[in-house]
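This report concerns only the one structure given below.
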Amino acid sequence: MSQVDTSLFRPELVFFDFEATDEWDFFAKMSDTLKEKGYVRDSWHDAICAREKSFPTGLQFEKIGVAIPHVDPENIVKPYIAIIKPKAPIDFAPMADMVDHPVHTELIINLGLLAHAEDQVAVLQAMMGIFMDEEATAEIMSQDTPEGIIDAIAKRC
Amino acid sequence: MVNILLACGSGIATSTAVAAKVKDLLDGNGFAGKFQITTCSIADAVGKSAGADLVIATTVKPGGIDCPFISGIPFLTGMGKANAEKQVLDFMAANA
């Protein structure tokens with residue numbers, strides 16, 4: 001088991017009540033924010049839009065819809081995981097067409113991972129376990145501070 | 001030795017996460033040492049599938065893959081997991 005690198009979570013990359021009309025509006029706004037904070041390159045926006053069109057990342061869990069958009073490492077400056085709770089659910093296409101409707105996403109986990117970094121992927125693994133767990137999901141979704149939501153996730157990683 | 005290709009869009013994120021789940025499943029069911037999992041991008045999986053026994057992917061099945069294909073999404077979300085695990089274990093029981 002790889003060690004989980006929970007330092008990838010940063011309070012400045014947790015957003016509540018994020019307003020976006022759809023996923024493309026979401027990516028445009030996130031691109032500006034992530035660039036301004038020095039996490040991604042200019043290429044990130046086009047890359048993530050293309051990637052999401054080819055390989056959508058909406059995941060329908062039993063109790064919640066989550067999207068995990070991410071791009072290839074060359075678009076990333078420094079690794080991060082951003083947590084975004086939209087003001088209203090944003091529709092993402094389902095990964096591998098697993099369900100026949102858009103996934104109404106209540107939480108978006110944007111992964112900025114570098115290549116061959118097992119400890120970073122371990123965070124993704126841990127998070128998948130969290131969203132399969134009703135109680136853990138409820139605790140995370142009830143948080144209203146960046147530190148609270150990071151703690152609720154990190155203690156389960 | 002059963003060769004399993006585990007593919008996702010990039011070959012980095014979800015394929016690695018699902019590979020860990022599948023490895024745990026197989027080790028826990030007596031198949032330790034009888035399989036090898038290689039993660040790759042789905043684009044590379046098409047070319048590599050000729051030398052593989054099974055492809056598990058978090059993408060739609062692309063054209064050009066002739067060996068058996070199982071969706072890896074249930075290992076991420078838990079939805080339909082029992083069925084996906086059974087498919088993988090049945091395949092191993094028949095081929096390991």
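Labeling convention for the structure tokens: chains A, B, ... as they appear, residues from 1 per chain, ligands from 1 in order of appearance.
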request  = May I have the residues of chain B within 7 Å of chain A, counting only C-alpha atoms, written as a PyMOL selection string?
outcome  = chain B and resi 9-10+12-13+16-17+58-60+76-79
Restricting the output to N, CA and C atoms, write the selected residues as a compact mmCIF listing (two decimals), in the first residue's frame.
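Final output, saved to out-v6.txt:
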```txt
# COMPACT_ATOMS: atom_id res chain seq x y z
N GLY B 9 -8.04 6.62 -19.19
CA GLY B 9 -7.74 7.63 -20.21
C GLY B 9 -6.26 7.91 -20.33
N SER B 10 -5.59 8.15 -19.21
CA SER B 10 -4.19 8.52 -19.23
C SER B 10 -3.26 7.37 -18.86
N ILE B 12 -2.73 6.72 -15.74
CA ILE B 12 -2.10 7.13 -14.49
C ILE B 12 -3.03 7.06 -13.28
N ALA B 13 -4.21 7.66 -13.39
CA ALA B 13 -5.01 7.86 -12.17
C ALA B 13 -5.96 6.70 -11.88
N THR B 16 -4.66 3.00 -11.97
CA THR B 16 -3.83 2.61 -10.83
C THR B 16 -4.70 2.31 -9.61
N ALA B 17 -5.75 3.14 -9.43
CA ALA B 17 -6.66 2.93 -8.29
C ALA B 17 -7.40 1.61 -8.43
N THR B 58 -11.54 1.78 -17.26
CA THR B 58 -12.52 2.75 -16.75
C THR B 58 -13.04 3.62 -17.90
N THR B 59 -12.88 3.13 -19.12
CA THR B 59 -13.40 3.84 -20.30
C THR B 59 -14.38 2.91 -21.01
N VAL B 60 -15.03 3.47 -22.02
CA VAL B 60 -15.85 2.63 -22.90
C VAL B 60 -14.90 1.67 -23.61
N LEU B 76 -14.52 1.58 -8.65
CA LEU B 76 -14.38 2.96 -8.20
C LEU B 76 -15.58 3.39 -7.37
N THR B 77 -16.79 3.01 -7.82
CA THR B 77 -18.00 3.56 -7.20
C THR B 77 -18.70 2.59 -6.25
N GLY B 78 -18.40 1.31 -6.36
CA GLY B 78 -19.12 0.33 -5.54
C GLY B 78 -20.44 -0.09 -6.16
N MET B 79 -20.90 0.65 -7.18
CA MET B 79 -22.19 0.32 -7.82
C MET B 79 -21.98 -0.87 -8.75
```
key: Secondary structure check, helix (DSSP H, G or I) residues of region 2-94 of chain B, as an MDAnalysis selection string   = chainID B and resid 14:27 42:51 73:77 81:94
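Taking chain B and asking which residues DSSP calls strand (DSSP E or B) on the backbone, you get Val2, Asn3, Ile4, Leu5, Leu6, Ala7, Cys8, Phe35, Gln36, Ile37, Thr38, Thr39, Cys40, Ser41, Leu54, Val55, Ile56, Ala57, Phe69, Ile70 and Ser71 of chain B.
The residue that comes closest to Val55 (chain B), out of B:Phe31, B:Phe75, B:Phe69, B:Phe91 and on the basis of only C-alpha atoms, is B:Phe69.
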Selection near Ala7 (chain B), 8 Å with only C-alpha atoms, sequence-local residues under 4 positions removed, as a list in words =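 Contacts, with the query itself left out: Gly11, Ser15, Thr39, Cys40, Ser41, Ile42, Ala45, Val55, Ile56, Ala57, Thr58 and Thr59 of chain B.
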Residues of the last selection are to be written out with N, CA, C and O atoms, as a PDB file, in the first residue's frame.
```pdb
ATOM      1  N   GLY B  11      -3.802   6.373 -18.197  1.00  0.00           N
ATOM      2  CA  GLY B  11      -2.937   5.296 -17.699  1.00  0.00           C
ATOM      3  C   GLY B  11      -2.298   5.625 -16.363  1.00  0.00           C
ATOM      4  O   GLY B  11      -1.425   4.903 -15.893  1.00  0.00           O
ATOM      5  N   SER B  15      -6.768   3.990 -13.475  1.00  0.00           N
ATOM      6  CA  SER B  15      -6.288   2.621 -13.728  1.00  0.00           C
ATOM      7  C   SER B  15      -5.465   2.127 -12.548  1.00  0.00           C
ATOM      8  O   SER B  15      -5.575   0.963 -12.146  1.00  0.00           O
ATOM      9  N   THR B  39      -0.722  -1.452 -15.909  1.00  0.00           N
ATOM     10  CA  THR B  39      -1.583  -0.291 -16.154  1.00  0.00           C
ATOM     11  C   THR B  39      -1.107   0.439 -17.400  1.00  0.00           C
ATOM     12  O   THR B  39       0.093   0.482 -17.698  1.00  0.00           O
ATOM     13  N   CYS B  40      -2.036   0.995 -18.138  1.00  0.00           N
ATOM     14  CA  CYS B  40      -1.681   1.742 -19.352  1.00  0.00           C
ATOM     15  C   CYS B  40      -2.840   2.638 -19.757  1.00  0.00           C
ATOM     16  O   CYS B  40      -3.932   2.559 -19.180  1.00  0.00           O
ATOM     17  N   SER B  41      -2.603   3.491 -20.756  1.00  0.00           N
ATOM     18  CA  SER B  41      -3.691   4.307 -21.291  1.00  0.00           C
ATOM     19  C   SER B  41      -4.535   3.425 -22.198  1.00  0.00           C
ATOM     20  O   SER B  41      -4.051   2.411 -22.719  1.00  0.00           O
ATOM     21  N   ILE B  42      -5.787   3.808 -22.386  1.00  0.00           N
ATOM     22  CA  ILE B  42      -6.677   2.989 -23.208  1.00  0.00           C
ATOM     23  C   ILE B  42      -6.176   2.959 -24.658  1.00  0.00           C
ATOM     24  O   ILE B  42      -6.350   1.951 -25.359  1.00  0.00           O
ATOM     25  N   ALA B  45      -3.734   0.329 -24.730  1.00  0.00           N
ATOM     26  CA  ALA B  45      -4.319  -0.984 -24.436  1.00  0.00           C
ATOM     27  C   ALA B  45      -4.710  -1.725 -25.708  1.00  0.00           C
ATOM     28  O   ALA B  45      -4.606  -2.949 -25.778  1.00  0.00           O
ATOM     29  N   VAL B  55      -8.756  -7.421 -20.375  1.00  0.00           N
ATOM     30  CA  VAL B  55      -8.623  -5.972 -20.250  1.00  0.00           C
ATOM     31  C   VAL B  55      -9.711  -5.478 -19.297  1.00  0.00           C
ATOM     32  O   VAL B  55     -10.881  -5.824 -19.452  1.00  0.00           O
ATOM     33  N   ILE B  56      -9.291  -4.713 -18.300  1.00  0.00           N
ATOM     34  CA  ILE B  56     -10.228  -4.029 -17.403  1.00  0.00           C
ATOM     35  C   ILE B  56      -9.978  -2.540 -17.619  1.00  0.00           C
ATOM     36  O   ILE B  56      -8.823  -2.097 -17.630  1.00  0.00           O
ATOM     37  N   ALA B  57     -11.034  -1.762 -17.852  1.00  0.00           N
ATOM     38  CA  ALA B  57     -10.821  -0.339 -18.137  1.00  0.00           C
ATOM     39  C   ALA B  57     -11.907   0.523 -17.522  1.00  0.00           C
ATOM     40  O   ALA B  57     -13.034   0.071 -17.306  1.00  0.00           O
ATOM     41  N   THR B  58     -11.544   1.783 -17.262  1.00  0.00           N
ATOM     42  CA  THR B  58     -12.518   2.755 -16.751  1.00  0.00           C
ATOM     43  C   THR B  58     -13.039   3.617 -17.898  1.00  0.00           C
ATOM     44  O   THR B  58     -13.536   4.710 -17.670  1.00  0.00           O
ATOM     45  N   THR B  59     -12.880   3.131 -19.119  1.00  0.00           N
ATOM     46  CA  THR B  59     -13.405   3.837 -20.297  1.00  0.00           C
ATOM     47  C   THR B  59     -14.385   2.907 -21.008  1.00  0.00           C
ATOM     48  O   THR B  59     -14.503   1.738 -20.666  1.00  0.00           O
TER      49      THR B  59
END
```
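With only C-alpha atoms as the atoms that count, the minimum distance from Phe26 (chain A) to the choices A:Glu12, A:Asp5, A:Glu139, A:Asp91 is reached by A:Asp91.
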